[in-house]
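Colleague: The structure that follows is given in the form of structure tokens.
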Amino acid sequence: MEALEQISLFRDFFEQNCMDKILKASRIGKPFEIIFSNLSEFSLDLANELLDSPEETIKAAELALKELDINNPRARIIHLPATQRRDIWEIRKDDIGKLIAIKGVINKSSSIIHVCTSAKFECPNCGSIINILQPESDFKEPSKCTCGRKGKFNLLSKELSDTIKLGLIDDLMDKDNADRSIAREKIAILSKGLTSFEIDKEIKPGRKVIVNGWLQYIQKGKSTEFDSIFIVNSIEFVEVGWDTIKVNAKEEKEIKGLAKEKDIIYRLSDSIADVYGFQEVKIASLLLLAGAPHMYDKNGHLTSRGTIHMLLIGNPGEAKTYLAKRAGAISPIFSFQSAATASGKGLVAAVVQDKDIGAWTIYPGVVAMANKGVVTIDEIDKTHKEDYGDHNNAMNDMMVIIAKSNVKGKLQTETSYLATANPENRVFTQYEDLINQIDMPKDFLDRFDIILPMISPLDKEEKEKIMDTMLDRHFEEKEVWQPEFSHEFITKYIAYCRMNNPKPKLPKELASLIKKKLHELMKPKDEGQIKVSFRQIESIMRFAYASARLKLRDITEEDINLAFDLKKKSFLELGIIDRTGSFSWAKLENVDEGKLSNKEVIHSVMKELFAEKEMVEWQEIINRCRNKGVDEDVVDEHIENVKRKGDYFEPRKGFLRKI
């Protein structure tokens, strides 16, 4: 089809089908979006021309818009048919030059690059003006003038275009890519209006997109190898997450009915995985998926996150990873990664010098890529020591700030961790409390709302049931485990509850119950030790909110009791609460109770003595502390420490004075 015929057909299409929309887009300075199916209904031949020769055909469409006196005559093609959609790994040479739609996830982007599209030169001999288009990456100058002159020409002006280089990778969590193990990458070029503020603010790591355009060959140096880049004509941002899950009228009625049933949380959690036992783990996983509302102060600052984090710890072969994967996959956004195979900061974020972008670039890890979803990190105890800080920020602040190698940025990490780990010596021993056999930084462990050990029962009958469950997976279809609820239904159930009961209310009358149960939970063996870990209130309340969400109502005593039961189960299994029901603050906070007690005694003695006089004899402090059971060496060490800190000084040998 000739260019003039294409222009005429496009003009007819615009005038007959969409002039009102074109004029509206023109008034606000936006390009016009052509829905492909509308064009194919008008002219199948023109639609086929567009698929086969997109660059030339789109130019014809824009010339038609120009003839109609349209401001900003840019044509964007959207909603290509399924036959034109490709994952990056599917791209082959036959796709080069054709109009296709690439599905992918943004994993990096450049800053705004100013690219020369054409340049004007003057001939020093005759004064002729020579215009050179710059379609390639190498800047081209004229080799000869019409007057016959060769050599150097004067550069008069150049036309620049804003450009963004976008890195896209395959979405391995997409069900269509379930059998893929490696994510392929492609560089996409955004220009000609696709670098607007409106589009630029939507370009975020982990964002799923569909880019419509065509592939263009680029040669690798002077070799016979050619790569390709994707020239983008339009970009469609794909909304994902709980808010995108659709529930029909029949399903809505069923969900509302089930939410009123007292045992629904237990029944839903039992349908997560064919793993025998570990009911608390399944319930906590379900509540993690439901999540809690974020809390903000009047200035809009986050005061309490709503994401729930859980750590499953146990010996190898205890089905930790199996259960975590099954639970995580219920979320519409889910990533899985083993910390043992992740390099450097690959779990949260990394800053690397990227040859494609041509600059230092932030690479999002699986945590950022799963923003607003769930990440399962297997063997999280294998995390590199220098990466724990990023995890702490990602888990608590739901954001990671990057500042390295002249690169500054932030990644959103509204991501729930459903992590697994092995004990310090790979297997638990019976000679020490389980909490003391977890070899990870204390401040990192504090970010988890609950830590649940998974330990197989010693009872022979219970072991038989576990083996039966595992063997059932190998029998005929009729014997295979059939849960009450499918994962698809659980996803819809949770999505409906999250959308229709986003922030259950906490009645004020429940405050006294919460305080009472917290005192009961943290009741010490020694009544003199009255320390309470107040941070536990936040994690307990997250579980209570999640429970109420799934019941489509406000928080009740039932939700509070469930949350405390989960926390108590965790403390009992870890050894933070002993079998008599006594709570140990020192075990929870990972401090030496003996050393802590000695410091308190010494501090108390010194406070008393310095209240009586300005200068105190060192030996007097030692004598009083010895009477309270503290060794002289311990007292000496403590006094030396407070001197080094500058709190006290020694005006003369053997005496102390407070600064």
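FYI, nothing fancy with the structure tokens labels: chains A, B, ... in order, residues from 1 per chain, ligands from 1 as they appear.
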Which residues, written as a CSV table (one decimal) with C-alpha atoms, in the first residue's frame, have at least one atom at most 10 Å from Phe13 of chain A, with only C-alpha atoms counted and residues fewer than 4 positions away on the same chain left out?

Modeller:
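Result written to selection-v8.csv:
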```csv
chain,number,residue,atom,x,y,z
A,7,ILE,CA,-2.6,8.7,4.9
A,8,SER,CA,-6.0,8.9,3.2
A,9,LEU,CA,-7.2,5.8,4.9
A,17,ASN,CA,-14.6,7.0,14.2
A,18,CYS,CA,-12.8,9.2,16.7
A,19,MET,CA,-12.5,12.9,16.0
A,38,ASN,CA,-10.9,-0.5,16.2
A,39,LEU,CA,-8.5,0.0,13.3
A,42,PHE,CA,-12.2,-0.3,9.9
A,43,SER,CA,-9.6,-1.6,7.5
A,61,ALA,CA,-1.0,8.1,10.7
A,64,ALA,CA,-3.0,12.3,8.6
```

Colleague: From segment 243-414 of chain A, collect each residue whose DSSP state is alpha helix (DSSP H) and return the set as a PyMOL selection string.

Modeller: chain A and resi 249-259+264-270+279-290+320-328+366-369+388-397

Colleague: Give me a file of those residues, with C-alpha atoms, as a compact mmCIF listing (two decimals), in the first residue's frame.

Modeller:
```txt
# COMPACT_ATOMS: atom_id res chain seq x y z
CA ALA A 249 -21.69 -11.81 42.58
CA LYS A 250 -21.89 -15.53 43.39
CA GLU A 251 -18.42 -15.55 44.95
CA GLU A 252 -19.20 -12.39 46.92
CA LYS A 253 -22.28 -14.00 48.45
CA GLU A 254 -20.27 -17.11 49.36
CA ILE A 255 -17.45 -15.05 50.93
CA LYS A 256 -19.89 -13.00 53.03
CA GLY A 257 -21.51 -16.20 54.30
CA LEU A 258 -18.19 -17.90 55.10
CA ALA A 259 -16.89 -14.82 56.96
CA ILE A 264 -13.39 -20.06 58.74
CA ILE A 265 -9.81 -18.95 59.49
CA TYR A 266 -8.89 -22.50 60.50
CA ARG A 267 -10.55 -24.00 57.42
CA LEU A 268 -8.93 -21.55 55.02
CA SER A 269 -5.51 -22.10 56.58
CA ASP A 270 -5.89 -25.88 56.36
CA GLN A 279 -1.68 -25.45 62.38
CA GLU A 280 -0.26 -22.24 63.92
CA VAL A 281 2.15 -21.86 60.98
CA LYS A 282 -0.72 -22.13 58.50
CA ILE A 283 -2.91 -19.68 60.44
CA ALA A 284 -0.06 -17.17 60.75
CA SER A 285 0.60 -17.53 57.00
CA LEU A 286 -3.05 -16.78 56.22
CA LEU A 287 -3.02 -13.71 58.48
CA LEU A 288 0.25 -12.56 56.85
CA LEU A 289 -1.52 -12.63 53.48
CA ALA A 290 -4.50 -10.70 54.85
CA LYS A 320 9.42 -25.10 55.83
CA THR A 321 10.15 -24.05 52.26
CA TYR A 322 7.34 -26.16 50.81
CA LEU A 323 4.75 -24.55 53.07
CA ALA A 324 6.20 -21.03 52.65
CA LYS A 325 6.10 -21.33 48.85
CA ARG A 326 2.52 -22.61 48.85
CA ALA A 327 1.36 -19.80 51.13
CA GLY A 328 3.29 -17.08 49.30
CA VAL A 366 13.31 -9.71 44.91
CA VAL A 367 12.04 -7.75 47.95
CA ALA A 368 11.47 -4.58 45.92
CA MET A 369 10.20 -6.56 42.93
CA TYR A 388 20.97 -7.02 57.13
CA GLY A 389 20.68 -3.22 57.36
CA ASP A 390 18.82 -3.08 54.04
CA HIS A 391 16.49 -5.84 55.24
CA ASN A 392 15.80 -3.92 58.46
CA ASN A 393 14.77 -0.79 56.53
CA ALA A 394 12.77 -2.74 53.95
CA MET A 395 10.83 -4.61 56.62
CA ASN A 396 10.18 -1.78 59.07
CA ASP A 397 10.01 1.37 56.92
```

Colleague: So that I can check the surroundings of Asp227 of chain A, please list as number ranges by chain every protein, DNA and RNA residue that reaches within 7 Å of it, counting only C-alpha atoms and ignoring chain neighbours fewer than 4 positions away.

Modeller: A: 217-220

Colleague: Taking C-alpha atoms for each residue, export the selection above as a JSON list (two decimals), in the first residue's frame.

Modeller:
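Contents of out16.json, as written:
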```json
[["chain", "number", "residue", "atom", "x", "y", "z"],
["A", 217, "TYR", "CA", 19.00, -4.46, 15.09],
["A", 218, "ILE", "CA", 22.23, -3.07, 16.54],
["A", 219, "GLN", "CA", 25.62, -4.52, 15.60],
["A", 220, "LYS", "CA", 28.08, -5.55, 18.30]]
```

Colleague: Could you give me the residues within segment 196-396 of chain A that DSSP places in strand (DSSP E), as an MDAnalysis selection string?

Modeller: chainID A and resid 208:219 226:237 295:296 302:304 310:313 334:338 349:354 359:364 374:378

Colleague: May I have the residues within 10 Å of Lys568 of chain A as a list of chain:residue names, using only C-alpha atoms and disregarding those fewer than 2 positions away in the same chain?

Modeller: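 Neighbouring residues, sequence-local ones excluded: A:Ile450, A:Leu521, A:Met522, A:Leu562, A:Ala563, A:Phe564, A:Asp565, A:Leu566, A:Ser570, A:Phe571, A:Leu572, A:Glu573, A:Leu574, A:Ile576, A:Ile577, A:Gly581, A:Phe583.
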
Colleague: Keeping only C-alpha atoms, take the residues you just selected and write them out as a PDB file, in the first residue's frame.

Modeller:
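Wrote it out as part_17.pdb, contents follow:
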```pdb
ATOM      1  CA  ILE A 450       6.473 -13.983  64.741  1.00  0.00           C
ATOM      2  CA  LEU A 521       2.095 -13.306  78.475  1.00  0.00           C
ATOM      3  CA  MET A 522       5.180 -11.622  79.950  1.00  0.00           C
ATOM      4  CA  LEU A 562      -6.038 -15.606  68.451  1.00  0.00           C
ATOM      5  CA  ALA A 563      -3.194 -13.081  68.152  1.00  0.00           C
ATOM      6  CA  PHE A 564      -1.992 -13.728  71.711  1.00  0.00           C
ATOM      7  CA  ASP A 565      -2.266 -17.498  71.231  1.00  0.00           C
ATOM      8  CA  LEU A 566       0.059 -17.298  68.213  1.00  0.00           C
ATOM      9  CA  SER A 570       6.086 -18.841  69.438  1.00  0.00           C
ATOM     10  CA  PHE A 571       7.496 -17.909  72.865  1.00  0.00           C
ATOM     11  CA  LEU A 572       6.882 -21.400  74.249  1.00  0.00           C
ATOM     12  CA  GLU A 573       8.553 -23.170  71.322  1.00  0.00           C
ATOM     13  CA  LEU A 574      11.541 -20.821  71.367  1.00  0.00           C
ATOM     14  CA  ILE A 576      11.259 -17.456  75.882  1.00  0.00           C
ATOM     15  CA  ILE A 577       8.426 -18.775  78.061  1.00  0.00           C
ATOM     16  CA  GLY A 581       4.639 -20.259  82.020  1.00  0.00           C
ATOM     17  CA  PHE A 583       8.561 -15.262  80.681  1.00  0.00           C
TER      18      PHE A 583
END
```

Colleague: Using only C-alpha atoms, which protein or nucleic acid residues come within 8 Å of Ala101 of chain A? Drop anything in the same chain fewer than 5 positions from it, and give the result as a list in words.

Modeller: Leu80, Gln84, Arg85, Arg86, Ile210, Val211, Asn212 and Gly213 of chain A

Colleague: Just write the chosen residues, N, CA and C atoms, as a short mmCIF file (atom, residue, chain, number, x, y, z; two decimals), in the first residue's frame.

Modeller:
```
data_model
loop_
_atom_site.label_atom_id
_atom_site.label_comp_id
_atom_site.auth_asym_id
_atom_site.auth_seq_id
_atom_site.Cartn_x
_atom_site.Cartn_y
_atom_site.Cartn_z
N LEU A 80 -2.66 -4.39 21.50
CA LEU A 80 -2.40 -5.27 20.37
C LEU A 80 -3.01 -6.65 20.63
N GLN A 84 0.31 -10.92 18.89
CA GLN A 84 1.47 -10.03 18.80
C GLN A 84 2.18 -9.87 20.14
N ARG A 85 1.69 -10.53 21.18
CA ARG A 85 2.31 -10.38 22.50
C ARG A 85 3.45 -11.38 22.67
N ARG A 86 4.53 -10.91 23.29
CA ARG A 86 5.70 -11.74 23.51
C ARG A 86 6.24 -11.52 24.91
N ILE A 210 3.44 -3.39 29.60
CA ILE A 210 3.37 -3.88 28.23
C ILE A 210 3.85 -2.73 27.35
N VAL A 211 4.93 -2.94 26.61
CA VAL A 211 5.41 -1.90 25.69
C VAL A 211 5.11 -2.34 24.26
N ASN A 212 4.53 -1.42 23.52
CA ASN A 212 4.16 -1.68 22.13
C ASN A 212 5.14 -0.94 21.21
N GLY A 213 5.68 -1.63 20.23
CA GLY A 213 6.65 -1.00 19.33
C GLY A 213 7.30 -2.04 18.44
#
```

Colleague: Tell me, counting only C-alpha atoms, for each residue of segment 124-212 of chain A within 12 Å of segment 371-387 of chain A, which pair of atoms is nearest and how far apart they are in Å to one decimal, in rows ordered by chain and increasing number, as a Markdown table.

Modeller:
```
| residue | atom | partner | partner_atom | distance |
| --- | --- | --- | --- | --- |
| A:Met173 | CA | A:Val375 | CA | 11.3 |
| A:Lys204 | CA | A:Asn371 | CA | 10.5 |
| A:Pro205 | CA | A:Asn371 | CA | 9.3 |
| A:Gly206 | CA | A:Asn371 | CA | 7.2 |
| A:Arg207 | CA | A:Asn371 | CA | 8.9 |
| A:Lys208 | CA | A:Asn371 | CA | 11.3 |
```

Colleague: Next, dump the selected residues to file, keeping only N, CA and C atoms, as a JSON list (two decimals), in the first residue's frame.

Modeller:
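selection27.json, freshly written:
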```json
[["chain", "number", "residue", "atom", "x", "y", "z"],
["A", 173, "MET", "N", 7.18, -14.90, 37.72],
["A", 173, "MET", "CA", 6.05, -15.26, 38.57],
["A", 173, "MET", "C", 4.73, -15.31, 37.81],
["A", 204, "LYS", "N", 8.92, 2.61, 37.76],
["A", 204, "LYS", "CA", 9.45, 2.17, 39.06],
["A", 204, "LYS", "C", 9.92, 0.73, 38.94],
["A", 205, "PRO", "N", 11.00, 0.40, 39.62],
["A", 205, "PRO", "CA", 11.45, -1.00, 39.61],
["A", 205, "PRO", "C", 10.36, -1.93, 40.13],
["A", 206, "GLY", "N", 10.20, -3.04, 39.45],
["A", 206, "GLY", "CA", 9.18, -4.01, 39.85],
["A", 206, "GLY", "C", 7.83, -3.79, 39.19],
["A", 207, "ARG", "N", 7.68, -2.67, 38.45],
["A", 207, "ARG", "CA", 6.40, -2.35, 37.81],
["A", 207, "ARG", "C", 6.23, -3.20, 36.55],
["A", 208, "LYS", "N", 5.08, -3.85, 36.43],
["A", 208, "LYS", "CA", 4.79, -4.65, 35.24],
["A", 208, "LYS", "C", 4.27, -3.73, 34.13]]
```

Colleague: In Å, how far is it from atom CA of Asp162 of chain A to atom CA of Lys120 of chain A?

Modeller: 18.7 Å

Colleague: Go through A:Ile333, A:Ile245, A:Asn71, A:Lys108 one by one, measure the shortest atom-to-atom distance of each to Val352 of chain A using only C-alpha atoms, and give the residue with the smallest value.

Modeller: A:Lys108

Colleague: Between A:Thr415, A:Ser539, A:Ser161, A:Ser604, which residue has the minimum interatomic distance to Ile621 of chain A, considering only C-alpha atoms?

Modeller: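 Between A:Thr415, A:Ser539, A:Ser161, A:Ser604, the residue approaching Ile621 of chain A most closely is A:Ser604.
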
Colleague: Write out as a VMD selection string the residues lying within 12 Å of Leu302 of chain A, counting only C-alpha atoms and excluding same-chain residues fewer than 3 positions away.

Modeller: chain A and resid 293 to 299 305 to 306 396 to 399

Colleague: What's the separation between atom CA of Asp95 of chain A and atom CA of Lys165 of chain A, in Å to one decimal place?

Modeller: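 So the two atoms, atom CA of Asp95 of chain A and atom CA of Lys165 of chain A, lie 20.4 Å apart.
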
Colleague: Considering only C-alpha atoms, can you say which of A:Pro504, A:Ile540, A:Ala340, A:Val209 comes closest to Thr556 of chain A?

Modeller: A:Pro504

Colleague: A:Ala419, A:Ile112, A:Ala329, A:Leu99: which is nearest Phe197 of chain A, counting only C-alpha atoms?

Modeller: A:Ile112

Colleague: I'd like the interatomic distance between atom CA of Glu67 of chain A and atom CA of Ser234 of chain A, to a tenth of an Å.

Modeller: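 Going from atom CA of Glu67 of chain A over to atom CA of Ser234 of chain A covers 22.2 Å.
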
Colleague: Calculated over only C-alpha atoms, which of the candidates A:Lys21, A:Arg553, A:Arg180, A:Lys587 has the smallest distance to Lys260 of chain A?

Modeller: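 Counting only C-alpha atoms, the residue closest to Lys260 of chain A is A:Arg553.
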
Colleague: From the set A:Ala611, A:Ile58, A:Ile494, A:Ile466, which residue has the shortest atom-to-atom contact distance to Lys658 of chain A, counting only C-alpha atoms?

Modeller: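 Closest to Lys658 of chain A of all the choices is A:Ala611.
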